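Below is one structure; the comments refer to it alone.
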2 protein chains.
Amino acid sequence: MPELRKDPITGRWVIIATDRGKRPSDFAKETVQIKGGFCPFCYGNEDKTPPEILCYRSDGGARNSPGWNLRVVPNKFPALGIEGNLNRQGEGLFDKMNGIGAHEVIIETPDHQATLATINEQAVEDVFWAFRDRMLDLKKDRRLRYILIFKNHGEAAGASIEHSHSQLIALPIVPKLVREEIDGSKAHFSFKERCVYCDIIRQELNAGSRVIDENQDFVIIAPYAPRFPFETWILPKTHDACFENAQKREYQNLSKILKTILLKVDRVLDYPAYNLVIHTSPITETINDFYHWHIELMPKLSKIAGFEWGTGFYINPVPPEDSAKFLREASL
Amino acid sequence: MPELRKDPITGRWVIIATDRGKRPSDFAKETVQIKGGFCPFCYGNEDKTPPEILCYRSDGGARNSPGWNLRVVPNKFPALGIEGNLNRQGEGLFDKMNGIGAHEVIIETPDHQATLATINEQAVEDVFWAFRDRMLDLKKDRRLRYILIFKNHGEAAGASIEHSHSQLIALPIVPKLVREEIDGSKAHFSFKERCVYCDIIRQELNAGSRVIDENQDFVIIAPYAPRFPFETWILPKTHDACFENAQKREYQNLSKILKTILLKVDRVLDYPAYNLVIHTSPITETINDFYHWHIELMPKLSKIAGFEWGTGFYINPVPPEDSAKFLREASL
């Protein structure tokens, strides 16, 4: 008998097809392969991107020249413009404003062949420091409300350039899904005086069946009501409303556990494309008791999609207890 | 300058990249081609599906034998089971129930080469009558809350069988996106004492720039804040909360206008895959003043997806004024 399960934060019901017993090999996924060829993110092509906003380098070299470890540049085809005012206005029944914001690319490594799973822990940690540095800078802009950090890995997940990179979009609004999580968390807090994510972490660590990995500061779980096969969440064990206020030790432990889960996902699912998103508090609410920042990782395992957009209704053929077991038991 | 626009029903903001000036030919879409081969939905293979629930035929032939015009059968691999009770229960913090419901397939035509765009108007109308007949029957089941009707056309849109068909999923919950539309419509009604969709129709018919087509009973628009390029909505001009209460003349006019828009979409976008969904009121709220049933049509034009799932945030490279113009001006 399939099971209907409710996400305790957003209230979304999903069908978990517990009978189907899908194995990781049952998915028609596209293995991500790095092909090479000309790349604007490689050494020597620094002039093929807009000038860098941030750069980590230890060689003392000039700006926009080879030798860097990590580089942040504006997206060459930005979805939003940084200049101008919001000019909020109505259009009869409708509401609109100018598309003000930032759209940046974090080039995570100079190595074209590397991925976030294969670069060393220090390099992964640098990626998180770069996210934080850019967030702290953009938070000063009073037109902005939210900073969205995400990674599309592989063409099937929407990546148009294969060289390992993440993206940052700073927005004058809070994205709908984050707003829903915050509203759900607020509702839970107003009823219980507890953070819903803290409650979930406590219950999951106690039950164990959906826990994939943990270290001193983080736990990785397959959520109770996942929309997608092998969806996983990385949660800080200690309550914190926003990503950018984490301790140095936490970024170190986050780097370790992220590398581990990405290597496990590559092992179990044969190098799938994936999307990774950081969910953190809006700029104006970064210290609060109800919302708990986290990372969501969604391997792109199936072509079936689109219907979900029209309905908000998801059928997941893999119970999270199964996906957690496969990932927990994967040896590296 | 890109524009941020708000959907007046759900409150979702989307970025409309007004500068990019994309043309229909700019999309890397997969043209839907019918290949043939063995098909469980063709004449003579009636025993390859579960026995029919409903059949329209004029030849007086036996059940589950060739000669039919339209056939409704249970999905061979149903996402939900029809037998049993819901057994709603908690699991600590979490909520679940048994996956009770119906999952049916509406085989729209015996012609393997035909599509919903190419079958004649009477055959399209029969598809709507079949939807209605099944809805009326399933509404008697007090365990159910919502009947979701949708169509995946083409492999890229999630269709696993190419023979033209729609699907029906009857659920013990209301899908999240429909719930959000209903809540948004209720909020508008409580403030204005008017249906938000009726307000939109009035404003759009007056403005004209996003109107694609209309007849006596229906209007097709490109919505103000579409998530996807060439997203279109088909709305009844007269307020009605649910699909199954429409007049016979309305089903006739709906068939005409649906055929027209599908032919236009094929012409302008070169036979794209698409998803089509009927949004109607939940079973227990079928007569109300605030919600307005409609059809949403989403051509699948781009592979980029996945990130949207993690964020609820959409960037649409085609302004609806442009997509409406392309579709409005397409000659058939």
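Ligands are numbered from 1 in the order shown, chains are lettered A, B, ... in the order of the structure tokens, and residues start at 1 in each chain.
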
Self-check item: Exercise answer, chain B residues close to chain A, 8 Å and only C-alpha atoms, as a VMD selection string
Solution: chain B and resid 1 to 8 12 to 13 15 17 79 to 81 92 to 100 150 to 152 156 to 159 173 175 to 178 199 to 200 203 224 275 to 277 296 298 300 303 to 307 310 to 313 315

Quiz prompt | Residues near range 230-236 of chain B, cut-off 9 Å, only C-alpha atoms, skip fewer than 4 positions along chain, as a PyMOL selection string | solution = chain B and resi 24+197+201+212+217-223+226+240+250+254+257-258+265+292-299+301+318-320+322-324+327

Selection file, C-alpha atoms, as a PDB file, in the first residue's frame:
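The file below, result-v4.pdb, is the result:
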```pdb
ATOM      1  CA  PRO B  24       9.945  30.623 -30.298  1.00  0.00           C
ATOM      2  CA  TYR B 197     -10.239  35.132 -11.836  1.00  0.00           C
ATOM      3  CA  ILE B 201     -10.624  38.081 -17.165  1.00  0.00           C
ATOM      4  CA  ILE B 212      -4.596  34.773 -27.256  1.00  0.00           C
ATOM      5  CA  ASP B 217     -17.718  30.916 -23.395  1.00  0.00           C
ATOM      6  CA  PHE B 218     -13.924  30.831 -23.007  1.00  0.00           C
ATOM      7  CA  VAL B 219     -10.888  33.057 -23.133  1.00  0.00           C
ATOM      8  CA  ILE B 220      -7.249  31.996 -23.456  1.00  0.00           C
ATOM      9  CA  ILE B 221      -4.625  34.238 -21.925  1.00  0.00           C
ATOM     10  CA  ALA B 222      -0.915  34.257 -21.260  1.00  0.00           C
ATOM     11  CA  PRO B 223      -0.992  34.936 -17.487  1.00  0.00           C
ATOM     12  CA  PRO B 226       3.861  33.059 -15.930  1.00  0.00           C
ATOM     13  CA  ASP B 240     -18.051  28.557 -12.208  1.00  0.00           C
ATOM     14  CA  GLU B 250     -19.535  25.108 -22.711  1.00  0.00           C
ATOM     15  CA  LEU B 254     -14.098  24.365 -24.756  1.00  0.00           C
ATOM     16  CA  ILE B 257     -10.871  26.540 -28.287  1.00  0.00           C
ATOM     17  CA  LEU B 258      -8.635  23.773 -26.892  1.00  0.00           C
ATOM     18  CA  VAL B 265       1.162  25.756 -30.030  1.00  0.00           C
ATOM     19  CA  HIS B 292     -12.918  29.680 -10.814  1.00  0.00           C
ATOM     20  CA  TRP B 293     -12.003  26.445 -12.584  1.00  0.00           C
ATOM     21  CA  HIS B 294      -9.597  26.628 -15.514  1.00  0.00           C
ATOM     22  CA  ILE B 295      -7.060  24.724 -17.596  1.00  0.00           C
ATOM     23  CA  GLU B 296      -3.329  25.425 -17.455  1.00  0.00           C
ATOM     24  CA  LEU B 297      -1.202  24.502 -20.471  1.00  0.00           C
ATOM     25  CA  MET B 298       2.573  24.423 -20.086  1.00  0.00           C
ATOM     26  CA  PRO B 299       4.689  23.617 -23.151  1.00  0.00           C
ATOM     27  CA  LEU B 301      10.454  24.145 -23.898  1.00  0.00           C
ATOM     28  CA  VAL B 318       9.573  35.223 -22.541  1.00  0.00           C
ATOM     29  CA  PRO B 319       7.221  38.071 -21.508  1.00  0.00           C
ATOM     30  CA  PRO B 320       3.603  36.881 -21.721  1.00  0.00           C
ATOM     31  CA  ASP B 322       5.293  38.293 -26.519  1.00  0.00           C
ATOM     32  CA  SER B 323       4.064  34.717 -26.212  1.00  0.00           C
ATOM     33  CA  ALA B 324       0.441  35.905 -26.499  1.00  0.00           C
ATOM     34  CA  LEU B 327       0.127  32.539 -30.497  1.00  0.00           C
TER      35      LEU B 327
END
```

Exercise. Fewer than 4 positions away in the same chain doesn't count, so skip those; otherwise give me all residues within 10 Å of Asn120 in chain A, counting only C-alpha atoms, as a VMD selection string.
Key: chain A and resid 114 to 116 124 to 125 255 to 256 259

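Straight-line separation from CA of Cys242 in chain B to CA of Phe191 in chain B: 22.0 Å.
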
Quiz item: Pick from B:Lys248, B:His103, B:His153, B:Arg210: nearest to Asn75 in chain B, with only C-alpha atoms counted?
Solution: B:His103
